[in-house]
Amino acid sequence: MSSTPPSRAAADPVSTDLPPSSADPAEALPPCSTLSAMSAGAPLSLSSPPSPPSPSFGRAPGGARRGRAPRLCGTWAWRLAAWIPALIVLVPMFGILAALGAGDAGTRAVLTHMLETVLPEYALNSLRISIAVSAGVLAMGVASAWLVVHYAFPGRRVLEWALILPLAMPAYVTAYAYTDFLQFAGPVQSALRSLLALDRLAWFPEIRSWYGAAWVFAGAFYPYVYLLARTAFLEHSPRCLEAARTLGCTPTQAFVRVALPLARPALIAGLALVLMETLADYGAVAYFGVPTFTTGIYRAWLSMGDRVAAAQLSACLLLAVLVLLIAEARSRARLRYYAPGRAPATLRRTRLHGGAAALAMLGCAMPLIVGFVLPALIMLRLAVSELDQVPWHRYGGWVYNTVRLAAVAALVASVVAVVLGYAQRLAPGRVTRLAIRLVGVGYAIPGAVIALGILTPVLNLDTALGNVFGADGLVLAGTGGVLIYAYLVRFLPAALQSVDAGFARIPPNLDASARSLGVGGWAMLRRVHLPLLRGSVLTAALLVFVDVMKELPATLALRPFNMDTLAVVTSHLAADERLAEAAVPALTLVLVGLLPVLVLARAIARRP
């Protein structure tokens with residue numbers, strides 16, 4: 001066998017295990033199984049006894065044609081297959097950038113008016129919300145991760161996986177719950193006014209404010225930091241902390257001077273994800289009446305009727321997101337230098353007793369209560385109290401529209417992710433890696449920016465189609481296909497990450513063995529890889545399905561007329577202050593969102 005390293009073999013689309021003097025791939029590879037399973041359409045079996053070589057000239061055993069691969073399986077063909085989705089994802093960005101040089105005097109007047117009146121407020125609110133959310137998620141995520149990794153206390157095993165449950169709760173649903181609970185007519189202020197015999201509590205903080213929005217976002221998004229911080233703390237060698245202790249550091253000093261610097265790249269990556277989600281949110285800040293860049297985009301678009309001005313505002317938001325992406329990528333590139341040792345299979349946790357154990361349990365429970373337990377109980381109380389007010393005759397239609405859009409988007413995203421992952425496996429290199437990275441940008445682009453970026457070329461295409469074919473009205477805009485396209489741009493990276501992990505678990509020996517038996521290209525994907533990728537593809541489809549169900553900004557802007565989803569209906573009912581009616585569709589979204597979260601929680605619970 002050749003001494004070619006495994007990484008090199010995996011990167012080459014042709015088997016590198018051939019000796020230099022061999023011209024026949026089948027003679028240089030280890031014995032493989034017969035093609036009886038393949039002829040029946042089953043996956044390859046590589047463990048049965050070898051078959052004698054076939055006397056047929058130019059054919060592998062079983063009659064499969066051996067020799068030159070089909071044209072479609074060429075390296076450049078697969079690189080092209082990777083670049084097509086990348087270019088599709090980049091269309092919204094091109095649409096936004098094209099708007100920078102467009103516009104007339106009316107557009108300039110709108111932008112000038114907004115710059116003189118509201119744009120400074122948009123920027124200020126977005127900045128201070130981002131700063132407050134950053135501080136909140138770092139405090140909750142890092143503290144809870146450190147406690148569950150390094151200390152043993154009552155309830156630790158449950159809290160370790162339960163701390164990710166806020167991922168199932170959309171931020172706008174959390175905003176609706178806290179508004180009902182903390183507003184002037186809510187139960188908290190009503191009880192305090194009755195207890196203190198006051199008509200008004202001037203000192204009580206207003207939930208519909210920028211700091212109220214920061215509170216909601218911190219409770220909803222801290223699991224991003226918690227998950228990455230927990231992984232970083234688990235991978236650290238305990239010898240680093242023990243060495244710090246022997247040099248005279250207290251536990252607090254060891255945490256600050258050793259553990260945090262080692263976990264810095266992971267924390268930056270988690271913080272970048274949180275800030276991208278914060279900047280992309282529309283439902284919560286719109287409901288609170290807090291003007292940010294996202295609400296400003298919709299105001300310029302819908303209230304002032306200038307789509308070009310809204311697109312130019314989107315370019316500013318897109319620039320901020322790209323800065324965060326660059327910061328996250330640079331921090332992730334440095335991760336390899338911050339793991340100076342291998343973590344033991346079982347960590348030795350410090351046992352806490354008495355007041356210390358109670359404080360640790362409370363410190364881990366508070367983020368969970370703020371981000372999931374309390375909002376879920378509030379919405380459940382609203383749903384039960386006025387269950388007869390829910391329009392059940394329309395509820396089935398909302399569920400059907402939501403499930404149909406989510407299912408189609410999940411199917412399309414899973415298929416494209418499999419093709420991208422397979423192209424990266426067969427044609428690795430800088431060209432393919434660049435295409436994969438460009439596809440990943442879509443998840444960071446806010447839904448409002450994607451909607452505007454798609455509408456610009458789609459409306460131009462509608463105009464061209466009308467001129468060519470004499471069509472009246474809109475041909476593509478306002479259809480379900482455009483909305484599915486927006487979902488694909490936004491959530492394809494989530495599917496691709498899961499599928500890539502599945503491909504990474506398939507050894508390259510299987511590819512080489514399949515080629516030696518005359519199977520390559522699409523046939524190898526269908527007969528060898530897809531049966532092994534079943535779990536990864538289902539996970540990818542589930543992630544996209546849940547994300548599409550909860551997506552609000554893109555659905556609001558691009559949905560066809562008279563097509564309401566659960567997220568849209570929840571937003572409209574909450575905007576009309578009909579929170580009791582909004583509770584049932586909101587809880588439906590939460591229950592569906594729990595599915596992938598529970599899968600992740602199960603994986604966390606299995607790790608010591």
# chains A, B, ... in the order shown; residues from 1 in each chain; ligands from 1

$ closest_atom_pairs --of "range 139-178 of chain A" --to "range 228-236 of chain A" --cutoff "9 Å" --atoms "only C-alpha atoms" --output "CSV"
residue,atom,partner,partner_atom,distance
A:Gly141,CA,A:Ala229,CA,7.2
A:Val142,CA,A:Ala229,CA,6.0
A:Ser144,CA,A:Arg230,CA,8.5
A:Ala145,CA,A:Arg230,CA,4.8
A:Trp146,CA,A:Arg230,CA,6.9
A:Val148,CA,A:Arg230,CA,8.1
A:Val149,CA,A:Leu234,CA,6.7
A:His150,CA,A:Phe233,CA,8.5

$ write_last_selection --atoms "C-alpha atoms" --output "PDB file, in the first residue's frame"
ATOM      1  CA  GLY A 141     -23.426  31.723  29.169  1.00  0.00           C
ATOM      2  CA  VAL A 142     -19.891  31.679  30.572  1.00  0.00           C
ATOM      3  CA  SER A 144     -23.374  28.592  33.680  1.00  0.00           C
ATOM      4  CA  ALA A 145     -20.940  26.701  31.428  1.00  0.00           C
ATOM      5  CA  TRP A 146     -18.125  26.992  33.983  1.00  0.00           C
ATOM      6  CA  VAL A 148     -21.767  22.730  35.037  1.00  0.00           C
ATOM      7  CA  VAL A 149     -18.319  21.666  33.742  1.00  0.00           C
ATOM      8  CA  HIS A 150     -16.184  22.099  36.873  1.00  0.00           C
TER       9      HIS A 150
END

$ residues_around --residues "range 181-192 of chain A" --least-positions-apart "2" --cutoff "10 Å" --atoms "only C-alpha atoms" --output "list of chain:residue names"
A:Ala175, A:Tyr176, A:Ala177, A:Tyr178, A:Thr179, A:Ser194, A:Leu195, A:Leu196, A:Ala197, A:Leu198, A:Asp199, A:Arg200, A:Leu201, A:Phe204, A:Pro205, A:Glu206, A:Ile207, A:Arg208, A:Leu374, A:Pro375, A:Ile378, A:Met379

$ write_last_selection --atoms "C-alpha atoms" --output "PDB file, in the first residue's frame"
ATOM      1  CA  ALA A 175     -41.215  39.630  23.986  1.00  0.00           C
ATOM      2  CA  TYR A 176     -44.981  39.043  23.868  1.00  0.00           C
ATOM      3  CA  ALA A 177     -44.861  37.046  27.099  1.00  0.00           C
ATOM      4  CA  TYR A 178     -42.866  39.611  29.089  1.00  0.00           C
ATOM      5  CA  THR A 179     -45.000  42.474  27.800  1.00  0.00           C
ATOM      6  CA  SER A 194     -52.461  46.928  45.178  1.00  0.00           C
ATOM      7  CA  LEU A 195     -49.843  46.028  47.779  1.00  0.00           C
ATOM      8  CA  LEU A 196     -48.359  49.538  47.979  1.00  0.00           C
ATOM      9  CA  ALA A 197     -51.697  51.361  47.569  1.00  0.00           C
ATOM     10  CA  LEU A 198     -50.363  53.431  44.665  1.00  0.00           C
ATOM     11  CA  ASP A 199     -52.012  54.493  41.434  1.00  0.00           C
ATOM     12  CA  ARG A 200     -48.798  54.364  39.421  1.00  0.00           C
ATOM     13  CA  LEU A 201     -45.311  52.956  39.854  1.00  0.00           C
ATOM     14  CA  PHE A 204     -40.958  50.459  37.593  1.00  0.00           C
ATOM     15  CA  PRO A 205     -38.875  49.862  34.432  1.00  0.00           C
ATOM     16  CA  GLU A 206     -40.720  50.036  31.109  1.00  0.00           C
ATOM     17  CA  ILE A 207     -40.561  46.729  29.260  1.00  0.00           C
ATOM     18  CA  ARG A 208     -41.201  48.390  25.882  1.00  0.00           C
ATOM     19  CA  LEU A 374     -41.227  31.975  32.619  1.00  0.00           C
ATOM     20  CA  PRO A 375     -42.174  32.952  29.025  1.00  0.00           C
ATOM     21  CA  ILE A 378     -46.977  33.071  30.718  1.00  0.00           C
ATOM     22  CA  MET A 379     -48.027  32.051  27.211  1.00  0.00           C
TER      23      MET A 379
END

$ residues_around --residues "range 588-600 of chain A" --least-positions-apart "2" --cutoff "7 Å" --atoms "only C-alpha atoms" --output "ChimeraX atom specification"
/A:165,167-169,542-543,546,549-550,584-586,602-604

$ closest_residue --among "A:Val110, A:Val548, A:Val568, A:Leu496" --to "Arg404 in chain A" --atoms "only C-alpha atoms"
A:Val548

$ residues_around --residues "Thr292 in chain A" --least-positions-apart "4" --cutoff "12 Å" --atoms "only C-alpha atoms" --output "number ranges by chain"
A: 118-130, 209-210, 213, 278-288, 296-299, 313-314, 317

$ select_by_dssp --residues "range 209-289 of chain A" --states "alpha helix (DSSP H)" --output "PyMOL selection string"
chain A and resi 210-235+238-246+251-254+260-280+283-288

$ residues_around --residues "range 409-426 of chain A" --least-positions-apart "4" --cutoff "6 Å" --atoms "only C-alpha atoms" --output "ChimeraX atom specification"
/A:13,78,82,484,488,492,496,500,541,544-545

$ write_last_selection --atoms "N, CA and C atoms" --output "PDB file, in the first residue's frame"
ATOM      1  N   PRO A  13      -9.781  13.285  -5.677  1.00  0.00           N
ATOM      2  CA  PRO A  13     -10.962  12.611  -6.194  1.00  0.00           C
ATOM      3  C   PRO A  13     -10.654  11.245  -6.762  1.00  0.00           C
ATOM      4  N   TRP A  78     -17.840  19.163 -10.695  1.00  0.00           N
ATOM      5  CA  TRP A  78     -18.278  19.216  -9.296  1.00  0.00           C
ATOM      6  C   TRP A  78     -18.003  20.580  -8.675  1.00  0.00           C
ATOM      7  N   ALA A  82     -20.746  23.147  -6.992  1.00  0.00           N
ATOM      8  CA  ALA A  82     -20.640  23.863  -5.715  1.00  0.00           C
ATOM      9  C   ALA A  82     -20.854  25.357  -5.892  1.00  0.00           C
ATOM     10  N   ILE A 484     -39.640  30.385  -0.913  1.00  0.00           N
ATOM     11  CA  ILE A 484     -38.785  29.216  -0.709  1.00  0.00           C
ATOM     12  C   ILE A 484     -37.333  29.566  -1.019  1.00  0.00           C
ATOM     13  N   LEU A 488     -34.125  29.252   1.387  1.00  0.00           N
ATOM     14  CA  LEU A 488     -32.927  28.514   0.997  1.00  0.00           C
ATOM     15  C   LEU A 488     -31.679  29.358   1.240  1.00  0.00           C
ATOM     16  N   LEU A 492     -29.805  27.414   4.225  1.00  0.00           N
ATOM     17  CA  LEU A 492     -28.980  26.367   3.625  1.00  0.00           C
ATOM     18  C   LEU A 492     -27.719  26.091   4.445  1.00  0.00           C
ATOM     19  N   LEU A 496     -26.197  22.417   5.497  1.00  0.00           N
ATOM     20  CA  LEU A 496     -24.874  22.031   5.004  1.00  0.00           C
ATOM     21  C   LEU A 496     -23.957  21.624   6.145  1.00  0.00           C
ATOM     22  N   ASP A 500     -22.231  18.037   6.106  1.00  0.00           N
ATOM     23  CA  ASP A 500     -20.764  17.973   6.102  1.00  0.00           C
ATOM     24  C   ASP A 500     -20.247  17.086   7.227  1.00  0.00           C
ATOM     25  N   ALA A 541     -32.696  18.330   7.561  1.00  0.00           N
ATOM     26  CA  ALA A 541     -34.070  18.683   7.205  1.00  0.00           C
ATOM     27  C   ALA A 541     -34.849  19.174   8.415  1.00  0.00           C
ATOM     28  N   VAL A 544     -33.760  22.849   9.292  1.00  0.00           N
ATOM     29  CA  VAL A 544     -34.326  23.817   8.363  1.00  0.00           C
ATOM     30  C   VAL A 544     -35.821  23.941   8.566  1.00  0.00           C
ATOM     31  N   PHE A 545     -36.497  22.829   8.787  1.00  0.00           N
ATOM     32  CA  PHE A 545     -37.945  22.836   8.994  1.00  0.00           C
ATOM     33  C   PHE A 545     -38.327  23.740  10.163  1.00  0.00           C
TER      34      PHE A 545
END

$ residues_around --residues "Val458 in chain A" --least-positions-apart "5" --cutoff "10 Å" --atoms "only C-alpha atoms" --output "list of chain:residue names"
A:Gly95, A:Leu452, A:Gly453, A:Thr463, A:Ala464, A:Leu474, A:Val475, A:Leu476, A:Ala477, A:Gly478, A:Val482

$ write_last_selection --atoms "C-alpha atoms" --output "compact mmCIF listing (two decimals), in the first residue's frame"
# COMPACT_ATOMS: atom_id res chain seq x y z
CA GLY A 95 -29.30 43.18 -5.27
CA LEU A 452 -35.12 43.27 -0.23
CA GLY A 453 -32.15 41.76 -2.04
CA THR A 463 -40.66 43.51 -15.96
CA ALA A 464 -38.54 41.75 -18.59
CA LEU A 474 -46.34 40.16 -11.31
CA VAL A 475 -45.15 36.80 -12.58
CA LEU A 476 -42.64 35.70 -9.92
CA ALA A 477 -42.91 38.24 -7.10
CA GLY A 478 -45.52 37.30 -4.52
CA VAL A 482 -39.67 33.30 -4.20

$ closest_residue --among "A:Arg381, A:Arg437, A:Arg527, A:Arg430" --to "Leu587 in chain A" --atoms "only C-alpha atoms"
A:Arg381

$ closest_residue --among "A:Ala254, A:Cys249, A:Ala143, A:Ile131" --to "Ala272 in chain A" --atoms "only C-alpha atoms"
A:Ile131

$ atom_distance --atom1 "CA of Asp576 in chain A" --atom2 "CA of Leu382 in chain A"
15.2 Å

$ closest_residue --among "A:Val384, A:Ala365, A:Trp203, A:Ser303" --to "Leu159 in chain A" --atoms "only C-alpha atoms"
A:Ala365

$ closest_residue --among "A:Leu322, A:Met276, A:Ala357, A:Ala105" --to "Ala152 in chain A" --atoms "only C-alpha atoms"
A:Ala357

$ atom_distance --atom1 "CA of Ala132 in chain A" --atom2 "CA of Phe217 in chain A"
9.4 Å

$ closest_residue --among "A:Val173, A:Val537, A:Ile268, A:Leu97" --to "Leu573 in chain A" --atoms "only C-alpha atoms"
A:Val173

$ atom_distance --atom1 "CA of Leu80 in chain A" --atom2 "CA of Arg433 in chain A"
12.1 Å
